[in-house]
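Below is the file model_10.pdb, which contains PDB, C-alpha atoms and all ligand atoms.
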ATOM      1  CA  MET A  28     -16.501 -14.710  -3.109
ATOM      2  CA  LEU A  29     -14.223 -11.697  -2.642
ATOM      3  CA  LYS A  30     -13.531  -9.733  -5.828
ATOM      4  CA  ILE A  31     -10.545  -7.365  -6.094
ATOM      5  CA  TYR A  32     -10.481  -4.739  -8.825
ATOM      6  CA  GLY A  33      -7.243  -3.157 -10.023
ATOM      7  CA  THR A  34      -3.944  -4.042 -11.632
ATOM      8  CA  SER A  35      -0.969  -4.889  -9.419
ATOM      9  CA  MET A  36       0.760  -1.915 -11.080
ATOM     10  CA  SER A  37      -1.435   0.373  -8.943
ATOM     11  CA  ARG A  38      -2.406   0.805  -5.312
ATOM     12  CA  ALA A  39      -4.404  -2.401  -5.800
ATOM     13  CA  ALA A  40      -1.043  -4.133  -5.222
ATOM     14  CA  ARG A  41      -1.474  -3.509  -1.499
ATOM     15  CA  THR A  42      -4.910  -5.124  -1.443
ATOM     16  CA  LEU A  43      -3.629  -8.114  -3.405
ATOM     17  CA  TRP A  44      -0.794  -8.351  -0.880
ATOM     18  CA  ALA A  45      -3.263  -8.293   2.048
ATOM     19  CA  ALA A  46      -5.442 -10.959   0.416
ATOM     20  CA  GLU A  47      -2.400 -13.160  -0.224
ATOM     21  CA  GLU A  48      -1.071 -12.658   3.307
ATOM     22  CA  LEU A  49      -4.487 -13.603   4.717
ATOM     23  CA  GLY A  50      -4.656 -16.686   2.472
ATOM     24  CA  LEU A  51      -7.989 -15.600   0.955
ATOM     25  CA  GLN A  52      -9.653 -17.064  -2.112
ATOM     26  CA  TYR A  53     -10.508 -14.205  -4.455
ATOM     27  CA  GLU A  54     -11.285 -13.267  -7.999
ATOM     28  CA  HIS A  55      -8.983 -10.632  -9.486
ATOM     29  CA  THR A  56     -10.116  -8.192 -12.175
ATOM     30  CA  PRO A  57      -6.897  -6.382 -13.132
ATOM     31  CA  ILE A  58      -8.471  -3.238 -14.553
ATOM     32  CA  SER A  59      -6.009  -0.579 -15.566
ATOM     33  CA  PHE A  60      -5.933   3.109 -16.483
ATOM     34  CA  ASP A  61      -6.921   2.590 -20.104
ATOM     35  CA  GLY A  62     -10.381   4.047 -19.554
ATOM     36  CA  ALA A  63     -11.801   0.975 -17.780
ATOM     37  CA  THR A  64     -11.936   2.803 -14.440
ATOM     38  CA  ARG A  65     -14.266   5.440 -15.964
ATOM     39  CA  LYS A  66     -16.780   3.064 -17.518
ATOM     40  CA  PRO A  67     -20.319   3.247 -16.066
ATOM     41  CA  GLU A  68     -20.160  -0.392 -14.852
ATOM     42  CA  TYR A  69     -17.011   0.347 -12.827
ATOM     43  CA  LEU A  70     -18.237   3.738 -11.574
ATOM     44  CA  LYS A  71     -21.093   1.841  -9.913
ATOM     45  CA  ILE A  72     -18.417   0.048  -7.849
ATOM     46  CA  ASN A  73     -16.153   3.045  -7.197
ATOM     47  CA  PRO A  74     -17.690   6.396  -8.160
ATOM     48  CA  ASN A  75     -14.205   7.959  -7.905
ATOM     49  CA  GLY A  76     -13.106   5.916 -10.918
ATOM     50  CA  HIS A  77     -10.051   4.664  -9.037
ATOM     51  CA  VAL A  78      -8.574   1.317  -8.087
ATOM     52  CA  PRO A  79      -8.506  -0.625  -5.891
ATOM     53  CA  ALA A  80     -12.043  -1.551  -4.975
ATOM     54  CA  ILE A  81     -13.470  -4.760  -3.588
ATOM     55  CA  ASP A  82     -16.796  -6.542  -3.635
ATOM     56  CA  ASP A  83     -16.894  -8.857  -0.642
ATOM     57  CA  ASP A  84     -20.054 -10.925  -1.140
ATOM     58  CA  GLY A  85     -21.977  -7.806  -2.125
ATOM     59  CA  PHE A  86     -20.268  -5.411   0.311
ATOM     60  CA  ILE A  87     -18.473  -2.863  -1.838
ATOM     61  CA  MET A  88     -15.521  -0.828  -0.572
ATOM     62  CA  TRP A  89     -12.944   1.533  -2.007
ATOM     63  CA  GLU A  90      -9.891   3.388  -0.553
ATOM     64  CA  SER A  91      -6.940   1.037  -0.372
ATOM     65  CA  MET A  92      -5.968   1.475   3.291
ATOM     66  CA  ALA A  93      -9.582   1.214   4.467
ATOM     67  CA  ILE A  94     -10.013  -1.951   2.383
ATOM     68  CA  ASN A  95      -6.876  -3.506   3.869
ATOM     69  CA  LEU A  96      -7.830  -2.682   7.448
ATOM     70  CA  TYR A  97     -11.315  -4.118   6.795
ATOM     71  CA  LEU A  98      -9.918  -7.339   5.309
ATOM     72  CA  ALA A  99      -7.452  -7.745   8.188
ATOM     73  CA  GLU A 100     -10.174  -7.186  10.782
ATOM     74  CA  LYS A 101     -12.683  -9.472   9.063
ATOM     75  CA  TYR A 102     -10.411 -12.318   8.056
ATOM     76  CA  GLY A 103      -7.224 -11.921  10.110
ATOM     77  CA  LYS A 104      -6.224 -13.287  13.471
ATOM     78  CA  ALA A 105      -3.728 -11.963  16.016
ATOM     79  CA  PRO A 106      -0.985 -11.046  15.638
ATOM     80  CA  PHE A 107      -1.588  -9.974  11.993
ATOM     81  CA  TRP A 108      -4.793  -8.204  13.080
ATOM     82  CA  PRO A 109      -3.715  -7.110  16.569
ATOM     83  CA  ALA A 110      -5.505  -8.533  19.575
ATOM     84  CA  ASN A 111      -6.450  -5.294  21.349
ATOM     85  CA  VAL A 112      -7.722  -1.816  20.644
ATOM     86  CA  GLN A 113      -4.309  -0.191  21.226
ATOM     87  CA  GLY A 114      -2.886  -2.535  18.608
ATOM     88  CA  HIS A 115      -5.649  -1.506  16.202
ATOM     89  CA  GLY A 116      -4.824   2.138  16.928
ATOM     90  CA  ASP A 117      -1.171   1.516  16.126
ATOM     91  CA  ALA A 118      -2.089  -0.261  12.885
ATOM     92  CA  TYR A 119      -4.289   2.705  11.854
ATOM     93  CA  LYS A 120      -1.531   5.133  12.848
ATOM     94  CA  TRP A 121       1.181   3.547  10.699
ATOM     95  CA  SER A 122      -1.214   3.063   7.783
ATOM     96  CA  PHE A 123      -2.226   6.746   7.800
ATOM     97  CA  PHE A 124       1.383   7.815   8.361
ATOM     98  CA  GLY A 125       2.255   5.963   5.159
ATOM     99  CA  MET A 126      -0.591   7.555   3.251
ATOM    100  CA  THR A 127      -0.174  11.118   4.469
ATOM    101  CA  GLU A 128       3.498  11.605   5.430
ATOM    102  CA  CYS A 129       5.201   9.387   2.830
ATOM    103  CA  GLU A 130       3.032   8.551  -0.185
ATOM    104  CA  PRO A 131       2.631  12.091  -1.593
ATOM    105  CA  HIS A 132       6.432  12.534  -1.833
ATOM    106  CA  LEU A 133       6.948   9.117  -3.415
ATOM    107  CA  LEU A 134       4.209   9.910  -5.930
ATOM    108  CA  THR A 135       5.941  13.201  -6.774
ATOM    109  CA  MET A 136       9.092  11.208  -7.513
ATOM    110  CA  LEU A 137       7.112   8.698  -9.585
ATOM    111  CA  MET A 138       5.465  11.419 -11.659
ATOM    112  CA  HIS A 139       8.666  13.357 -12.292
ATOM    113  CA  LYS A 140      10.840  10.325 -12.956
ATOM    114  CA  MET A 141       8.464   8.092 -14.907
ATOM    115  CA  PHE A 142       5.036   9.385 -15.828
ATOM    116  CA  LEU A 143       5.027  13.049 -16.799
ATOM    117  CA  PRO A 144       5.995  14.018 -20.343
ATOM    118  CA  GLN A 145       9.725  14.789 -20.437
ATOM    119  CA  GLU A 146       9.212  18.553 -20.739
ATOM    120  CA  GLN A 147       7.099  18.683 -17.571
ATOM    121  CA  ARG A 148       9.554  16.763 -15.378
ATOM    122  CA  SER A 149      11.374  18.752 -12.722
ATOM    123  CA  GLU A 150      14.619  17.870 -10.963
ATOM    124  CA  ALA A 151      13.727  20.426  -8.276
ATOM    125  CA  ALA A 152      10.460  18.591  -7.547
ATOM    126  CA  ILE A 153      12.374  15.303  -7.205
ATOM    127  CA  LYS A 154      14.952  16.897  -4.893
ATOM    128  CA  GLY A 155      12.174  18.449  -2.804
ATOM    129  CA  ALA A 156      10.464  15.073  -2.435
ATOM    130  CA  VAL A 157      13.722  13.337  -1.456
ATOM    131  CA  GLU A 158      14.307  16.047   1.157
ATOM    132  CA  ALA A 159      10.742  15.789   2.485
ATOM    133  CA  LEU A 160      11.023  11.999   2.908
ATOM    134  CA  LYS A 161      13.932  12.377   5.329
ATOM    135  CA  ALA A 162      11.647  13.363   8.206
ATOM    136  CA  PRO A 163       9.197  10.411   8.067
ATOM    137  CA  TYR A 164      12.047   8.002   7.333
ATOM    138  CA  GLY A 165      13.820   9.398  10.410
ATOM    139  CA  VAL A 166      10.718   8.785  12.533
ATOM    140  CA  LEU A 167      10.494   5.223  11.235
ATOM    141  CA  GLU A 168      14.187   4.589  11.830
ATOM    142  CA  GLY A 169      13.918   5.776  15.456
ATOM    143  CA  HIS A 170      10.793   3.703  16.069
ATOM    144  CA  LEU A 171      12.178   0.472  14.619
ATOM    145  CA  LYS A 172      15.400   0.504  16.647
ATOM    146  CA  GLY A 173      15.125  -2.574  18.862
ATOM    147  CA  ARG A 174      11.943  -3.830  17.185
ATOM    148  CA  GLY A 175      11.557  -6.378  14.387
ATOM    149  CA  TYR A 176       8.257  -4.860  13.230
ATOM    150  CA  LEU A 177       6.190  -1.741  13.876
ATOM    151  CA  LEU A 178       4.142  -3.180  16.746
ATOM    152  CA  GLY A 179       6.916  -5.342  18.180
ATOM    153  CA  LYS A 180       8.095  -8.764  17.149
ATOM    154  CA  ASP A 181       5.301  -9.718  14.720
ATOM    155  CA  PHE A 182       4.377  -8.664  11.184
ATOM    156  CA  THR A 183       0.955  -6.962  11.250
ATOM    157  CA  ILE A 184      -1.395  -5.185   8.869
ATOM    158  CA  GLY A 185       0.349  -1.956   9.974
ATOM    159  CA  ASP A 186       3.635  -3.241   8.520
ATOM    160  CA  LEU A 187       1.950  -4.432   5.334
ATOM    161  CA  ASN A 188       0.213  -1.103   4.736
ATOM    162  CA  LEU A 189       3.245   1.080   5.416
ATOM    163  CA  ALA A 190       5.608  -1.213   3.500
ATOM    164  CA  SER A 191       3.201  -1.204   0.546
ATOM    165  CA  VAL A 192       3.611   2.568   0.370
ATOM    166  CA  LEU A 193       7.380   2.551   0.870
ATOM    167  CA  SER A 194       7.850  -0.221  -1.699
ATOM    168  CA  LEU A 195       7.171   2.535  -4.236
ATOM    169  CA  GLY A 196      10.614   3.806  -3.237
ATOM    170  CA  MET A 197      12.155   0.838  -5.063
ATOM    171  CA  MET A 198      10.425   1.854  -8.271
ATOM    172  CA  VAL A 199      11.688   5.425  -8.034
ATOM    173  CA  GLN A 200      15.128   4.454  -6.684
ATOM    174  CA  TYR A 201      14.745   6.315  -3.423
ATOM    175  CA  ASP A 202      17.986   5.803  -1.506
ATOM    176  CA  ASN A 203      17.025   4.773   2.050
ATOM    177  CA  SER A 204      20.549   3.705   3.079
ATOM    178  CA  ALA A 205      20.809   6.589   5.585
ATOM    179  CA  THR A 206      18.144   4.789   7.648
ATOM    180  CA  PRO A 207      19.480   1.200   7.716
ATOM    181  CA  THR A 208      17.026  -0.144  10.303
ATOM    182  CA  ALA A 209      14.056   1.064   8.282
ATOM    183  CA  ALA A 210      15.665  -0.195   5.067
ATOM    184  CA  ALA A 211      16.204  -3.662   6.586
ATOM    185  CA  TRP A 212      12.599  -3.735   7.885
ATOM    186  CA  LEU A 213      11.269  -2.804   4.419
ATOM    187  CA  ALA A 214      13.382  -5.516   2.771
ATOM    188  CA  ARG A 215      12.087  -8.026   5.357
ATOM    189  CA  CYS A 216       8.462  -7.089   4.629
ATOM    190  CA  MET A 217       8.967  -7.224   0.871
ATOM    191  CA  SER A 218      10.648 -10.626   1.045
ATOM    192  CA  ARG A 219       7.438 -12.255   2.271
ATOM    193  CA  PRO A 220       6.078 -14.834  -0.200
ATOM    194  CA  SER A 221       2.697 -13.049  -0.095
ATOM    195  CA  PHE A 222       4.328  -9.854  -1.435
ATOM    196  CA  GLN A 223       6.072 -11.795  -4.175
ATOM    197  CA  ARG A 224       2.818 -13.544  -5.182
ATOM    198  CA  ALA A 225       0.869 -10.270  -5.262
ATOM    199  CA  SER A 226       3.586  -8.586  -7.360
ATOM    200  CA  GLN A 227       3.339 -11.348  -9.953
ATOM    201  CA  LYS A 228      -0.364 -10.700 -10.584
ATOM    202  CA  LYS A 229      -1.387  -8.785 -13.692
TER     203      LYS A 229
HETATM  204  N1  LIG B 301      -6.779   7.174  -2.121
HETATM  205  C1  LIG B 301      -7.094   6.188  -3.114
HETATM  206  C2  LIG B 301      -6.337   6.533  -4.394
HETATM  207  C3  LIG B 301      -6.707   5.592  -5.512
HETATM  208  C4  LIG B 301      -6.046   5.983  -6.814
HETATM  209  O1  LIG B 301      -5.786   7.155  -7.100
HETATM  210  N2  LIG B 301      -5.743   4.980  -7.615
HETATM  211  C5  LIG B 301      -5.102   5.207  -8.895
HETATM  212  C6  LIG B 301      -4.119   4.069  -9.169
HETATM  213  S1  LIG B 301      -2.816   3.970  -8.022
HETATM  214  C7  LIG B 301      -6.152   5.138 -10.015
HETATM  215  O2  LIG B 301      -7.118   4.417  -9.915
HETATM  216  N3  LIG B 301      -5.932   5.827 -11.120
HETATM  217  C8  LIG B 301      -6.737   5.604 -12.291
HETATM  218  C9  LIG B 301      -7.564   6.730 -12.672
HETATM  219  O3  LIG B 301      -7.548   7.761 -11.949
HETATM  220  O4  LIG B 301      -8.232   6.581 -13.695
HETATM  221  C10 LIG B 301      -6.701   4.797  -2.578
HETATM  222  O5  LIG B 301      -5.723   4.714  -1.809
HETATM  223  O6  LIG B 301      -7.374   3.817  -2.892
END

Could you render the structure as structure tokens?
Ligand SMILES: N[C@@H](CCC(=O)N[C@@H](CS)C(=O)NCC(=O)O)C(=O)O
Amino acid sequence: MLKIYGTSMSRAARTLWAAEELGLQYEHTPISFDGATRKPEYLKINPNGHVPAIDDDGFIMWESMAINLYLAEKYGKAPFWPANVQGHGDAYKWSFFGMTECEPHLLTMLMHKMFLPQEQRSEAAIKGAVEALKAPYGVLEGHLKGRGYLLGKDFTIGDLNLASVLSLGMMVQYDNSATPTAAAWLARCMSRPSFQRASQKK
């Protein structure tokens, strides 16, 4: 049985979303940041002390994007897990684009709007992050013109992974209205029942 570790209020949300989209049976352990991730039992699963992690019949993995690509390849069929190697390349590309070009700026917004103590929050940091997001959002907008989804007409693991990152924008009220095609694509991805089910987990 697949086990998924991590609360849906963390990056584990994206793994829960992938599992729901794939229709997998799984056991969910919603560990949070209350010290549980640093306990010796959990450090045996993920020595980084982070969530998510999975135990897939004894095969342990951590790193959210790697987990999702693994689950899609192992359990998915085309078109969700693309049929050819170019499609896999595209799915990796958009997943890493989300993680490297977008996520750091959204996390800056999250920290400075919600998590840091009031006296450490910085408006300048938030403005800088908003500014920095314009470039990747512009790339996404250009790419999605004339396409329903990142790889064409079908929703794939590439869409799920990138949308899981950009869904953070809702939490931090990032205004994506200047890129309406990307905004509509994100809303389409987030309206999937699998996203809704994953979001309702603990
Ligand atoms: N690159 C890792 C980052 C994992 C990570 O930092 N997770 C955060 C939650 S979103 C965490 O576990 N924080 C708890 C802690 O550091 O104790 C991934 O994508 O899986």

Would you tabulate, counting only C-alpha atoms and all ligand atoms, all residues of chain A that have an atom at most 12 Å from an atom of ligand LIG 301 (chain B), showing the closest pair of atoms and their distance in Å to one decimal, sorted by chain then ascending number, as JSON lines?
{"residue": "A:Tyr32", "atom": "CA", "partner": "B:LIG301", "partner_atom": "O2", "distance": 9.8}
{"residue": "A:Gly33", "atom": "CA", "partner": "B:LIG301", "partner_atom": "O2", "distance": 7.6}
{"residue": "A:Thr34", "atom": "CA", "partner": "B:LIG301", "partner_atom": "C6", "distance": 8.5}
{"residue": "A:Ser35", "atom": "CA", "partner": "B:LIG301", "partner_atom": "S1", "distance": 9.2}
{"residue": "A:Met36", "atom": "CA", "partner": "B:LIG301", "partner_atom": "S1", "distance": 7.5}
{"residue": "A:Ser37", "atom": "CA", "partner": "B:LIG301", "partner_atom": "S1", "distance": 4.0}
{"residue": "A:Arg38", "atom": "CA", "partner": "B:LIG301", "partner_atom": "S1", "distance": 4.2}
{"residue": "A:Ala39", "atom": "CA", "partner": "B:LIG301", "partner_atom": "S1", "distance": 6.9}
{"residue": "A:Ala40", "atom": "CA", "partner": "B:LIG301", "partner_atom": "S1", "distance": 8.8}
{"residue": "A:Arg41", "atom": "CA", "partner": "B:LIG301", "partner_atom": "O5", "distance": 9.3}
{"residue": "A:Thr42", "atom": "CA", "partner": "B:LIG301", "partner_atom": "O6", "distance": 9.4}
{"residue": "A:Pro57", "atom": "CA", "partner": "B:LIG301", "partner_atom": "O2", "distance": 11.3}
{"residue": "A:Ile58", "atom": "CA", "partner": "B:LIG301", "partner_atom": "O2", "distance": 9.1}
{"residue": "A:Ser59", "atom": "CA", "partner": "B:LIG301", "partner_atom": "C8", "distance": 7.0}
{"residue": "A:Phe60", "atom": "CA", "partner": "B:LIG301", "partner_atom": "C8", "distance": 4.9}
{"residue": "A:Asp61", "atom": "CA", "partner": "B:LIG301", "partner_atom": "O4", "distance": 7.7}
{"residue": "A:Gly62", "atom": "CA", "partner": "B:LIG301", "partner_atom": "O4", "distance": 6.7}
{"residue": "A:Ala63", "atom": "CA", "partner": "B:LIG301", "partner_atom": "O4", "distance": 7.8}
{"residue": "A:Thr64", "atom": "CA", "partner": "B:LIG301", "partner_atom": "O4", "distance": 5.3}
{"residue": "A:Arg65", "atom": "CA", "partner": "B:LIG301", "partner_atom": "O4", "distance": 6.5}
{"residue": "A:Lys66", "atom": "CA", "partner": "B:LIG301", "partner_atom": "O4", "distance": 10.0}
{"residue": "A:Tyr69", "atom": "CA", "partner": "B:LIG301", "partner_atom": "O4", "distance": 10.8}
{"residue": "A:Leu70", "atom": "CA", "partner": "B:LIG301", "partner_atom": "O4", "distance": 10.6}
{"residue": "A:Asn73", "atom": "CA", "partner": "B:LIG301", "partner_atom": "O2", "distance": 9.5}
{"residue": "A:Pro74", "atom": "CA", "partner": "B:LIG301", "partner_atom": "O2", "distance": 10.9}
{"residue": "A:Asn75", "atom": "CA", "partner": "B:LIG301", "partner_atom": "O3", "distance": 7.8}
{"residue": "A:Gly76", "atom": "CA", "partner": "B:LIG301", "partner_atom": "O4", "distance": 5.6}
{"residue": "A:His77", "atom": "CA", "partner": "B:LIG301", "partner_atom": "O2", "distance": 3.1}
{"residue": "A:Val78", "atom": "CA", "partner": "B:LIG301", "partner_atom": "O2", "distance": 3.9}
{"residue": "A:Pro79", "atom": "CA", "partner": "B:LIG301", "partner_atom": "O6", "distance": 5.5}
{"residue": "A:Ala80", "atom": "CA", "partner": "B:LIG301", "partner_atom": "O6", "distance": 7.4}
{"residue": "A:Ile81", "atom": "CA", "partner": "B:LIG301", "partner_atom": "O6", "distance": 10.5}
{"residue": "A:Met88", "atom": "CA", "partner": "B:LIG301", "partner_atom": "O6", "distance": 9.7}
{"residue": "A:Trp89", "atom": "CA", "partner": "B:LIG301", "partner_atom": "O6", "distance": 6.1}
{"residue": "A:Glu90", "atom": "CA", "partner": "B:LIG301", "partner_atom": "O6", "distance": 3.5}
{"residue": "A:Ser91", "atom": "CA", "partner": "B:LIG301", "partner_atom": "O6", "distance": 3.8}
{"residue": "A:Met92", "atom": "CA", "partner": "B:LIG301", "partner_atom": "O5", "distance": 6.0}
{"residue": "A:Ala93", "atom": "CA", "partner": "B:LIG301", "partner_atom": "O6", "distance": 8.1}
{"residue": "A:Ile94", "atom": "CA", "partner": "B:LIG301", "partner_atom": "O6", "distance": 8.2}
{"residue": "A:Asn95", "atom": "CA", "partner": "B:LIG301", "partner_atom": "O6", "distance": 10.0}
{"residue": "A:Ser122", "atom": "CA", "partner": "B:LIG301", "partner_atom": "O5", "distance": 10.7}
{"residue": "A:Phe123", "atom": "CA", "partner": "B:LIG301", "partner_atom": "O5", "distance": 10.4}
{"residue": "A:Gly125", "atom": "CA", "partner": "B:LIG301", "partner_atom": "O5", "distance": 10.7}
{"residue": "A:Met126", "atom": "CA", "partner": "B:LIG301", "partner_atom": "O5", "distance": 7.7}
{"residue": "A:Thr127", "atom": "CA", "partner": "B:LIG301", "partner_atom": "N1", "distance": 10.1}
{"residue": "A:Glu130", "atom": "CA", "partner": "B:LIG301", "partner_atom": "O5", "distance": 9.7}
{"residue": "A:Pro131", "atom": "CA", "partner": "B:LIG301", "partner_atom": "N1", "distance": 10.6}
{"residue": "A:Leu133", "atom": "CA", "partner": "B:LIG301", "partner_atom": "S1", "distance": 12.0}
{"residue": "A:Leu134", "atom": "CA", "partner": "B:LIG301", "partner_atom": "S1", "distance": 9.4}
{"residue": "A:Leu137", "atom": "CA", "partner": "B:LIG301", "partner_atom": "S1", "distance": 11.1}
{"residue": "A:Met138", "atom": "CA", "partner": "B:LIG301", "partner_atom": "S1", "distance": 11.7}
{"residue": "A:Asn188", "atom": "CA", "partner": "B:LIG301", "partner_atom": "O5", "distance": 10.6}
{"residue": "A:Ser191", "atom": "CA", "partner": "B:LIG301", "partner_atom": "O5", "distance": 11.0}
{"residue": "A:Val192", "atom": "CA", "partner": "B:LIG301", "partner_atom": "O5", "distance": 9.8}
{"residue": "A:Leu195", "atom": "CA", "partner": "B:LIG301", "partner_atom": "S1", "distance": 10.8}

Fill in: Option closest in space to Ser226 (chain A), from A:Thr183, A:Ser194, A:Gln52, A:Ser149 [counting all atoms listed in the file]
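Among A:Thr183, A:Ser194, A:Gln52, A:Ser149, it is A:Ser194 that comes nearest to Ser226 (chain A).
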
Worksheet item: Please, which residues are within 12 Å of (-1.3, -2.3, 17.0) by the file's coordinates, counting all atoms listed in the file, and could they come as number ranges by chain?
Response: A: 96, 100, 105-122, 176-186

Practice prompt. Find the spatial neighbours of Met136 (chain A), counting only C-alpha atoms, within a cut-off of 7 Å - ignore same-chain residues fewer than 4 positions away - and output them as a PyMOL selection string.
Written response: chain A and resi 132+140+153+156+199

Item to complete: Select all residues near (15.9, 4.2, -0.7) (cut-off 12 Å, inclusive, file coordinates), counting only C-alpha atoms, and output them as a ChimeraX atom specification.
Response: /A:133,136,157,160-161,164,193-211,213-214

Worksheet item: Of the candidates A:Ala99, A:Arg148, A:His139, A:Glu128, which shows the shortest atom-to-atom distance to Ala162 (chain A), using only C-alpha atoms?
Response: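 Under the stated criterion, the closest residue is A:Glu128.
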
Item to complete: Mind checking which residues fall within 10 Å of Glu54 (chain A), counting all atoms listed in the file, ignoring those fewer than 6 positions away in the same chain, and posting them as a ChimeraX atom specification?
Response: /A:28-32,81-82

Discussion item. Ranking A:Thr135, A:Gly85, A:Arg174, A:Tyr102 by minimum distance to Glu150 (chain A) and counting all atoms listed in the file, which one comes first?
Written reply: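 Residue with the minimum atom-to-atom distance to Glu150 (chain A): A:Thr135.
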
Worksheet item: Any idea what the distance is between CA of Glu48 (chain A) and CA of Glu68 (chain A)?
Response: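 So the answer is 29.1 Å.
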
Fill in: Residues selected by the PyMOL selection byres (((chain A and resi 49) around 9) and not hetatm), written as a ChimeraX atom specification
/A:44-48,50-51,98-99,102-104,107,221

Fill in: Point-to-point distance in Å for CA of Gln147 (chain A) and CA of Leu189 (chain A)
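So the answer is 29.2 Å.
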
Worksheet item: What is the CA of Gly155 (chain A) to CA of Phe124 (chain A) distance in Å?
Response: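 We find that CA of Gly155 (chain A) and CA of Phe124 (chain A) lie 18.8 Å from each other.
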